[in-house]
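Chemist: Input structure: entry02.cif, which contains mmCIF, C-alpha atoms.
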data_model
loop_
_atom_site.label_atom_id
_atom_site.label_comp_id
_atom_site.auth_asym_id
_atom_site.auth_seq_id
_atom_site.Cartn_x
_atom_site.Cartn_y
_atom_site.Cartn_z
CA MET A 526 -130.38 -69.10 141.99
CA THR A 527 -133.54 -69.00 139.86
CA SER A 528 -134.63 -65.87 137.98
CA TYR A 529 -138.15 -65.19 136.68
CA GLU A 530 -137.47 -62.08 134.57
CA GLY A 531 -138.52 -63.58 131.22
CA THR A 532 -141.33 -65.90 130.23
CA HIS A 533 -139.68 -68.91 131.86
CA PRO A 534 -137.72 -69.24 135.09
CA THR A 535 -133.99 -69.22 134.40
CA VAL A 536 -130.85 -70.39 136.15
CA LEU A 537 -127.28 -69.27 135.73
CA VAL A 538 -125.24 -71.76 133.71
CA ARG A 539 -121.47 -71.45 133.77
CA VAL A 540 -118.94 -73.52 131.80
CA GLY A 541 -115.43 -72.09 131.65
CA ASP A 542 -115.74 -68.48 130.48
CA ARG A 543 -119.27 -69.03 129.11
CA HIS A 544 -122.16 -68.01 131.32
CA ALA A 545 -125.77 -67.01 130.80
CA GLU A 546 -129.21 -67.14 132.35
CA ILE A 547 -130.84 -70.18 130.69
CA ASP A 548 -134.44 -71.41 130.80
CA GLU A 549 -134.57 -73.75 133.78
CA GLN A 550 -135.61 -76.90 131.90
CA LEU A 551 -132.94 -76.43 129.21
CA ALA A 552 -130.11 -75.52 131.59
CA PRO A 553 -128.66 -79.08 131.88
CA ALA A 554 -128.68 -79.51 128.09
CA ILE A 555 -127.06 -76.12 127.44
CA GLN A 556 -124.43 -76.91 130.07
CA ALA A 557 -123.73 -80.23 128.31
CA ILE A 558 -123.58 -78.50 124.90
CA TRP A 559 -121.04 -76.01 126.21
CA GLU A 560 -119.05 -78.83 127.84
CA CYS A 561 -118.83 -80.35 124.35
CA GLY A 562 -117.22 -77.08 123.19
CA ILE A 563 -120.26 -76.07 121.12
CA ASP A 564 -121.55 -72.49 121.20
CA THR A 565 -125.22 -71.53 121.28
CA PHE A 566 -127.08 -68.29 120.55
CA THR A 567 -130.44 -68.60 122.30
CA CYS A 568 -132.84 -71.20 123.62
CA CYS A 569 -136.43 -71.56 124.79
CA GLN A 570 -138.07 -74.30 126.85
CA ASP A 571 -141.57 -73.83 125.38
CA LEU A 572 -142.07 -71.85 122.18
CA ALA A 573 -145.86 -71.54 122.58
CA GLU A 574 -145.54 -70.07 126.06
CA SER A 575 -142.84 -67.62 124.96
CA ASN A 576 -144.87 -66.46 121.99
CA ALA A 577 -148.36 -66.65 123.54
CA ASP A 578 -149.02 -62.94 122.96
CA TRP A 579 -148.13 -63.01 119.26
CA PRO A 580 -151.67 -63.80 118.00
CA THR A 581 -152.94 -60.62 119.69
CA LYS A 582 -150.65 -58.50 117.49
CA LEU A 583 -150.21 -60.98 114.64
CA PRO A 584 -153.41 -63.05 114.22
CA HIS A 585 -151.86 -65.08 111.40
CA MET A 586 -149.41 -66.57 113.94
CA ALA A 587 -152.09 -68.22 116.14
CA GLU A 588 -151.86 -71.63 114.49
CA TRP A 589 -148.06 -71.61 114.56
CA VAL A 590 -147.96 -70.65 118.25
CA GLU A 591 -150.37 -73.44 119.18
CA SER A 592 -148.38 -75.97 117.12
CA ARG A 593 -145.25 -75.18 119.16
CA ARG A 594 -146.78 -76.03 122.54
CA GLY A 595 -144.36 -78.41 124.30
CA TRP A 596 -141.56 -77.74 121.80
CA MET A 597 -138.11 -76.49 122.75
CA LEU A 598 -135.66 -74.52 120.63
CA ILE A 599 -131.91 -74.04 120.57
CA ASP A 600 -130.27 -71.60 118.14
CA PHE A 601 -126.71 -72.00 116.88
CA ALA A 602 -124.33 -70.56 114.35
CA VAL A 603 -124.56 -72.96 111.39
CA ASP A 604 -121.26 -74.79 112.04
CA SER A 605 -122.00 -75.11 115.76
CA GLY A 606 -125.48 -76.46 115.02
CA LEU A 607 -124.07 -79.10 112.69
CA ALA A 608 -121.51 -80.08 115.36
CA PHE A 609 -124.37 -80.37 117.88
CA LEU A 610 -126.42 -82.65 115.60
CA THR A 611 -123.38 -84.81 114.85
CA ALA A 612 -122.51 -85.15 118.55
CA VAL A 613 -126.06 -86.11 119.52
CA ALA A 614 -126.39 -88.62 116.65
CA ASN A 615 -123.06 -90.33 117.35
CA ALA A 616 -123.56 -90.63 121.11
CA GLY A 617 -126.57 -92.93 121.00
CA PRO A 618 -128.20 -95.75 119.08
CA ARG A 619 -129.99 -95.27 115.79
CA ASP A 620 -133.36 -95.66 117.45
CA ALA A 621 -136.68 -93.75 117.22
CA PHE A 622 -135.00 -90.70 118.82
CA TYR A 623 -132.36 -90.76 116.08
CA VAL A 624 -135.01 -91.10 113.36
CA ARG A 625 -136.93 -88.09 114.80
CA MET A 626 -133.82 -85.95 114.81
CA THR A 627 -132.71 -86.91 111.28
CA HIS A 628 -135.81 -87.42 109.12
CA TRP A 629 -138.38 -84.69 108.53
CA ALA A 630 -141.26 -87.18 108.02
CA ALA A 631 -140.85 -89.07 111.31
CA PRO A 632 -143.58 -88.71 113.94
CA ASP A 633 -142.64 -85.65 116.05
CA ALA A 634 -139.67 -85.02 113.75
CA TRP A 635 -137.29 -82.33 114.90
CA ASP A 636 -137.58 -79.09 113.00
CA VAL A 637 -134.04 -78.21 111.91
CA GLN A 638 -133.72 -75.11 109.75
CA VAL A 639 -130.90 -73.00 108.44
CA LYS A 640 -132.19 -69.44 108.29
CA PRO A 641 -130.70 -66.94 105.85
CA MET A 642 -130.44 -63.61 107.63
CA ASP A 643 -129.98 -60.12 106.26
CA ALA A 644 -127.46 -58.03 108.19
CA ALA A 645 -129.60 -54.99 107.30
CA MET A 646 -132.31 -56.29 109.67
CA PHE A 647 -130.15 -54.98 112.50
CA ARG A 648 -128.63 -51.95 110.78
CA ASP A 649 -131.06 -49.83 108.75
CA ASP A 650 -128.19 -47.83 107.27
CA GLN A 651 -126.55 -50.89 105.64
CA PRO A 652 -127.34 -52.49 102.30
CA SER A 653 -128.77 -55.99 102.41
CA ASP A 654 -126.21 -58.72 102.93
CA PHE A 655 -127.71 -62.19 103.32
CA GLY A 656 -125.78 -65.05 104.82
CA LEU A 657 -126.40 -68.44 106.39
CA ARG A 658 -125.84 -67.44 109.98
CA LEU A 659 -128.44 -69.31 112.03
CA LEU A 660 -129.32 -72.98 112.50
CA GLN A 661 -132.46 -73.53 114.59
CA VAL A 662 -133.19 -76.87 116.21
CA SER A 663 -136.69 -77.36 117.60
CA PHE A 664 -137.67 -80.63 119.25
CA PRO A 665 -140.42 -82.06 121.47
CA ALA A 666 -139.78 -81.51 125.17
CA TYR A 667 -139.98 -85.25 125.83
CA ASP A 668 -136.67 -85.65 123.93
CA LEU A 669 -134.77 -83.46 126.39
CA PRO A 670 -133.59 -86.21 128.79
CA GLU A 671 -132.18 -88.35 125.95
CA LEU A 672 -130.66 -85.32 124.25
CA THR A 673 -128.89 -84.34 127.47
CA ARG A 674 -127.75 -87.91 128.11
CA ARG A 675 -126.25 -88.16 124.63
CA LEU A 676 -124.45 -84.83 124.98
CA ARG A 677 -122.90 -86.00 128.25
CA GLU A 678 -121.79 -89.22 126.56
CA HIS A 679 -120.23 -87.19 123.75
CA ALA A 680 -118.45 -84.89 126.23
CA ALA A 681 -117.05 -88.01 127.94
CA GLY A 682 -115.73 -89.27 124.58
CA ARG A 683 -118.19 -92.15 124.32
CA THR A 684 -119.82 -92.90 120.99
CA VAL A 685 -122.01 -95.69 119.68
CA PRO A 686 -120.83 -97.60 116.60
CA PRO A 687 -122.92 -97.04 113.45
CA ALA A 688 -125.74 -99.55 112.95
CA PRO A 689 -128.88 -99.83 110.84
CA ALA A 690 -131.84 -97.70 111.84
CA ASP A 691 -135.49 -98.70 111.75
CA TRP A 692 -136.87 -96.31 109.13
CA SER A 693 -140.35 -97.89 108.99
CA SER A 694 -141.97 -94.81 110.60
CA VAL A 695 -140.93 -92.78 107.54
CA GLY A 696 -141.87 -95.35 104.92
CA ARG A 697 -138.40 -96.70 104.18
#
Starting from the file, lay out its structure as structure tokens.
Modeler:
Amino acid sequence: MTSYEGTHPTVLVRVGDRHAEIDEQLAPAIQAIWECGIDTFTCCQDLAESNADWPTKLPHMAEWVESRRGWMLIDFAVDSGLAFLTAVANAGPRDAFYVRMTHWAAPDAWDVQVKPMDAAMFRDDQPSDFGLRLLQVSFPAYDLPELTRRLREHAAGRTVPPAPADWSSVGR
């Protein structure tokens, strides 16, 4: 069943006791993440489309919104996000995909950020209490098939032995 309530069409993804309506394009990857035993918070299959109305209210965000066209996002708790990155890295070769996901200067490098969050953002009556609670992983949509493949390999217990990477795209 496909739902169109949000910006993107969604489908119901169910793995064990986890279930949620997930953006259609990301549904196979989220299913694979959950099958690896890794929890997620949120996801989005195209950040520019989801935030297209921001520049109307927040003109300073226009450039950011346009820069995120064709980029996907998955949010995790910090430990879950690190487990996700480790699983993806170990389930495939150290190729251009690997370099994009691990080095900030690679062409189309993944944007991986740990975001300090203040608990008071959600409770006005509480004093500020910052913590590292969120790891955001944003990547180009064209990486989705390989990302999903690697997650399935990880879930099946298959890894690729460590090997040298070609770091020439980042000047190494």
Chemist: When distances are computed from only C-alpha atoms, which of A:Phe622, A:His544, A:Trp589, A:Leu572 shows the smallest separation from Leu669 of chain A?
Modeler: A:Phe622
Chemist: Using all atoms listed in the file - which residues lie no farther than 9 Å from the point (-131.9, -68.2, 130.7) in the file's frame? Write them as a PyMOL selection string.
Modeler: chain A and resi 528+531+533-538+545-549+551-552+567-569
Chemist: Counting only C-alpha atoms, what is within 10 Å of Ala690 of chain A, bar same-chain residues fewer than 6 positions away, as a PDB file with C-alpha atoms, keeping the file's coordinate frame?
Modeler:
ATOM      1  CA  PRO A 618    -128.200 -95.750 119.080  1.00  0.00           C
ATOM      2  CA  ARG A 619    -129.990 -95.270 115.790  1.00  0.00           C
ATOM      3  CA  ASP A 620    -133.360 -95.660 117.450  1.00  0.00           C
ATOM      4  CA  ALA A 621    -136.680 -93.750 117.220  1.00  0.00           C
ATOM      5  CA  TYR A 623    -132.360 -90.760 116.080  1.00  0.00           C
ATOM      6  CA  VAL A 624    -135.010 -91.100 113.360  1.00  0.00           C
TER       7      VAL A 624
END
Chemist: Closest to Thr673 of chain A among A:Phe609, A:Phe601, A:Trp629, A:Trp596, using only C-alpha atoms?
Modeler: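 The closest residue to Thr673 of chain A is A:Phe609.
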Chemist: Could you list, with a cut-off of 7 Å and counting only C-alpha atoms, the residues of segment 562-628 of chain A near segment 644-668 of chain A, each shown with its nearest atom pair and the distance in Å rounded to one decimal, rows sorted by chain and ascending number, as JSON lines?
Modeler:
{"residue": "A:Gly595", "atom": "CA", "partner": "A:Ala666", "partner_atom": "CA", "distance": 5.6}
{"residue": "A:Trp596", "atom": "CA", "partner": "A:Pro665", "partner_atom": "CA", "distance": 4.5}
{"residue": "A:Met597", "atom": "CA", "partner": "A:Ser663", "partner_atom": "CA", "distance": 5.4}
{"residue": "A:Leu598", "atom": "CA", "partner": "A:Ser663", "partner_atom": "CA", "distance": 4.3}
{"residue": "A:Ile599", "atom": "CA", "partner": "A:Val662", "partner_atom": "CA", "distance": 5.4}
{"residue": "A:Asp600", "atom": "CA", "partner": "A:Gln661", "partner_atom": "CA", "distance": 4.6}
{"residue": "A:Phe601", "atom": "CA", "partner": "A:Leu660", "partner_atom": "CA", "distance": 5.2}
{"residue": "A:Ala602", "atom": "CA", "partner": "A:Leu659", "partner_atom": "CA", "distance": 4.9}
{"residue": "A:Val603", "atom": "CA", "partner": "A:Leu660", "partner_atom": "CA", "distance": 4.9}
{"residue": "A:Gly606", "atom": "CA", "partner": "A:Leu660", "partner_atom": "CA", "distance": 5.8}
Chemist: What is the distance, in Å and to one decimal place, between atom CA of Ala557 of chain A and atom CA of Val639 of chain A?
Modeler: 22.3 Å
Chemist: Go ahead and compute the interatomic distance for atom CA of Gln550 of chain A and atom CA of Ser575 of chain A, in Å to one decimal.
Modeler: 13.7 Å
Chemist: Could you check which of A:Ala634, A:Pro553, A:Ala614, A:Gly562 is closest to Gly541 of chain A, using all atoms listed in the file?
Modeler: A:Gly562
Chemist: Show which residues sit within 12 Å of Arg677 of chain A, as a list of chain:residue names. Count only C-alpha atoms, and ignore same-chain residues fewer than 3 positions away.
Modeler: A:Pro553, A:Ala554, A:Ile555, A:Gln556, A:Ala557, A:Ile558, A:Trp559, A:Glu560, A:Cys561, A:Gly562, A:Phe609, A:Ala612, A:Val613, A:Asn615, A:Ala616, A:Gly617, A:Pro670, A:Glu671, A:Leu672, A:Thr673, A:Arg674, A:Ala680, A:Ala681, A:Gly682, A:Arg683, A:Thr684
Chemist: Need to verify the contact set: Ser605 of chain A, 9 Å, all atoms listed in the file, exclusion of same-chain residues closer than 6 positions in sequence. Can you return it as a list in words?
Modeler: Ile563, Asp564, Thr565 and Leu660 of chain A
Chemist: One decimal, in Å: what's the spacing between atom CA of Arg625 of chain A and atom CA of Arg675 of chain A?
Modeler: 14.5 Å
